[in-house]
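See structure below.
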Amino acid sequence: MLAIARQDHAPSYYAATAHPRPPSPELSETCQADVCVVGGGLAGLSAALELAERGYSVVVLEAARVGFGASGRNGGQVIAGYACETDSLCRLVGEEAARAMWQMSVEAVELIDSRVRRYGIACDWTRGFASVAVKPRQMEALRAWVDSAAAEFDYPHLEVWEQPLLAERLASGRYVGGVYDRFSGHLHPLNYTLGLARAAEAAGVRIHENTPVVRIEHGTMPVAHTERGAVRCSHLVLACNAYIGALVPELDRRIMPAGTYVIATEPLGEARARALIANNMAVCDTNFVLDYYRLSADHRLLFGGKVSYSGREPANLADAMRQDMLRVFPQLEDVRVEYAWGGYCDITVNRAPDFGRLSANVYYVQGFSGHGVNVSNIAGRLVAEAIAGSAERFDLFGRIRHRNFPGGRLFRTPALVAGMAYYRLRDYL
């Protein structure tokens, strides 16, 4: 289990530029609600907001601060689709269900766009994303995906950019080409998460921070027990993701916390920033151990990568990440790094989302596998639909078979580190 000390947000660029939100009080009593949501990240807040707007009374219990985990630390990229490839999704659930799931991921991006506008969430939401190829074989796969996305998934928003066209938008000689997605985009993830919390509270949701759940009592009225109180409810939603740990061991065995890291440069100024990424798109390469980056609203470069399953932060994080950045943008040799941070996302064996029930009235959503900004938003909507009596879309994800990570708690990390070394070698070939 990942321990969460009672603390504020990780010292990141996002925390430094977050819109102030007063802490919510700890739960210090026993109370009752229609729904108790465990986890104050994007998935939990999305579910809470949807449920409150349907008339349910909702309590959210967050072990640290709203957006403390991956929701407030990630790269901010909002990308249609899932971490698993679409052909993998087809093999898991069949083509018809895979197409329906794909459309839900598209709906997730639109949901973010509509929430930003409806609730006035100031989070620098910007359209535009490019998936870029380091190797010719990766470029061939991207071209094939453009054709498949249009023909099989009715997704017409992609454009193939060969190297000369990509070079007009992206000032890096590292890539042989890419695919531009004008529908996807990027945002300030912590400010978006805090904006969801404000919208949820305005709809009547009660949020309690620094309130870890220590035990769950199942039954016709589940109870979430905390250190100083409890919530008795008709429905319980677990949205803990990488932090589920010993609270629900059977869910913990199906995910692996994966570390990922980000740096933020000093402000570059608008002209120099746009000289790097002319159209202000988010960018991600197609390596297994990938780089992802974008510009901030105040013209910094936010550069992420170094995915790790070891549980250990890379030594000299800021310098190590800076070297990766200079491999992409050597022209930034004179630029200082002002922030460096990391966090955990939760991955599944097959990289597909893991949504389901532990019992008739206890729901869980996890396994976003690095695509959490958009998928967590739709996860919250789907679990709210299921609680309200329309479970068809939520149950579609229940058709995905998930396996435990091999090796148990003691040996799964070394096994994954070895596997990572294999795929890192493939990236270089």
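To be explicit about the labels: the chains of the structure tokens are called A, B, and onward in the order shown, and within each one the residues are counted from 1, while ligands get numbers from 1 in the order they are shown.
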
* **Leu42 in chain A surroundings by only C-alpha atoms, 12 Å radius, close-in-sequence under 2 positions cut, as a PyMOL selection string** => chain A and resi 37-40+44-49+60+62+66-74+108+112+189-197+200+239-241+365-366+368+371-381

With range 209-226 of chain A as the partner and 9 Å as the cut-off, tabulate the residues of range 239-323 of chain A that qualify, each row holding the nearest pair of atoms and their distance in Å to one decimal, using only C-alpha atoms, sorted by chain and rising number, as a Markdown table.
| residue | atom | partner | partner_atom | distance |
| --- | --- | --- | --- | --- |
| A:Ala246 | CA | A:Val214 | CA | 8.9 |
| A:Leu247 | CA | A:Arg215 | CA | 6.4 |
| A:Val248 | CA | A:Ile216 | CA | 8.5 |

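CA of Leu89 in chain A is positioned 20.8 Å from CA of Leu251 in chain A.
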
Judged by only C-alpha atoms, the minimum distance to Arg99 in chain A among A:Leu290, A:Leu165, A:Ala151, A:Val307 is found for A:Ala151

Residues of range 152-232 of chain A classed as alpha helix (DSSP H) by DSSP on the backbone are to be reported as a count of residues only.
23

From CA of Val179 in chain A to CA of Gln331 in chain A the spacing works out at 23.7 Å

A straight line from CA of Phe394 in chain A to CA of Cys233 in chain A spans 20.4 Å

Q.
Neighbouring residues of Arg357 in chain A were defined as those with any atom within 12 Å, considering only C-alpha atoms; residues of the same chain fewer than 2 positions away were excluded. Please report them as number ranges by chain.
A. A: 218, 235-239, 250-251, 354-355, 359-366, 383, 386-387, 391, 394-395, 397-398
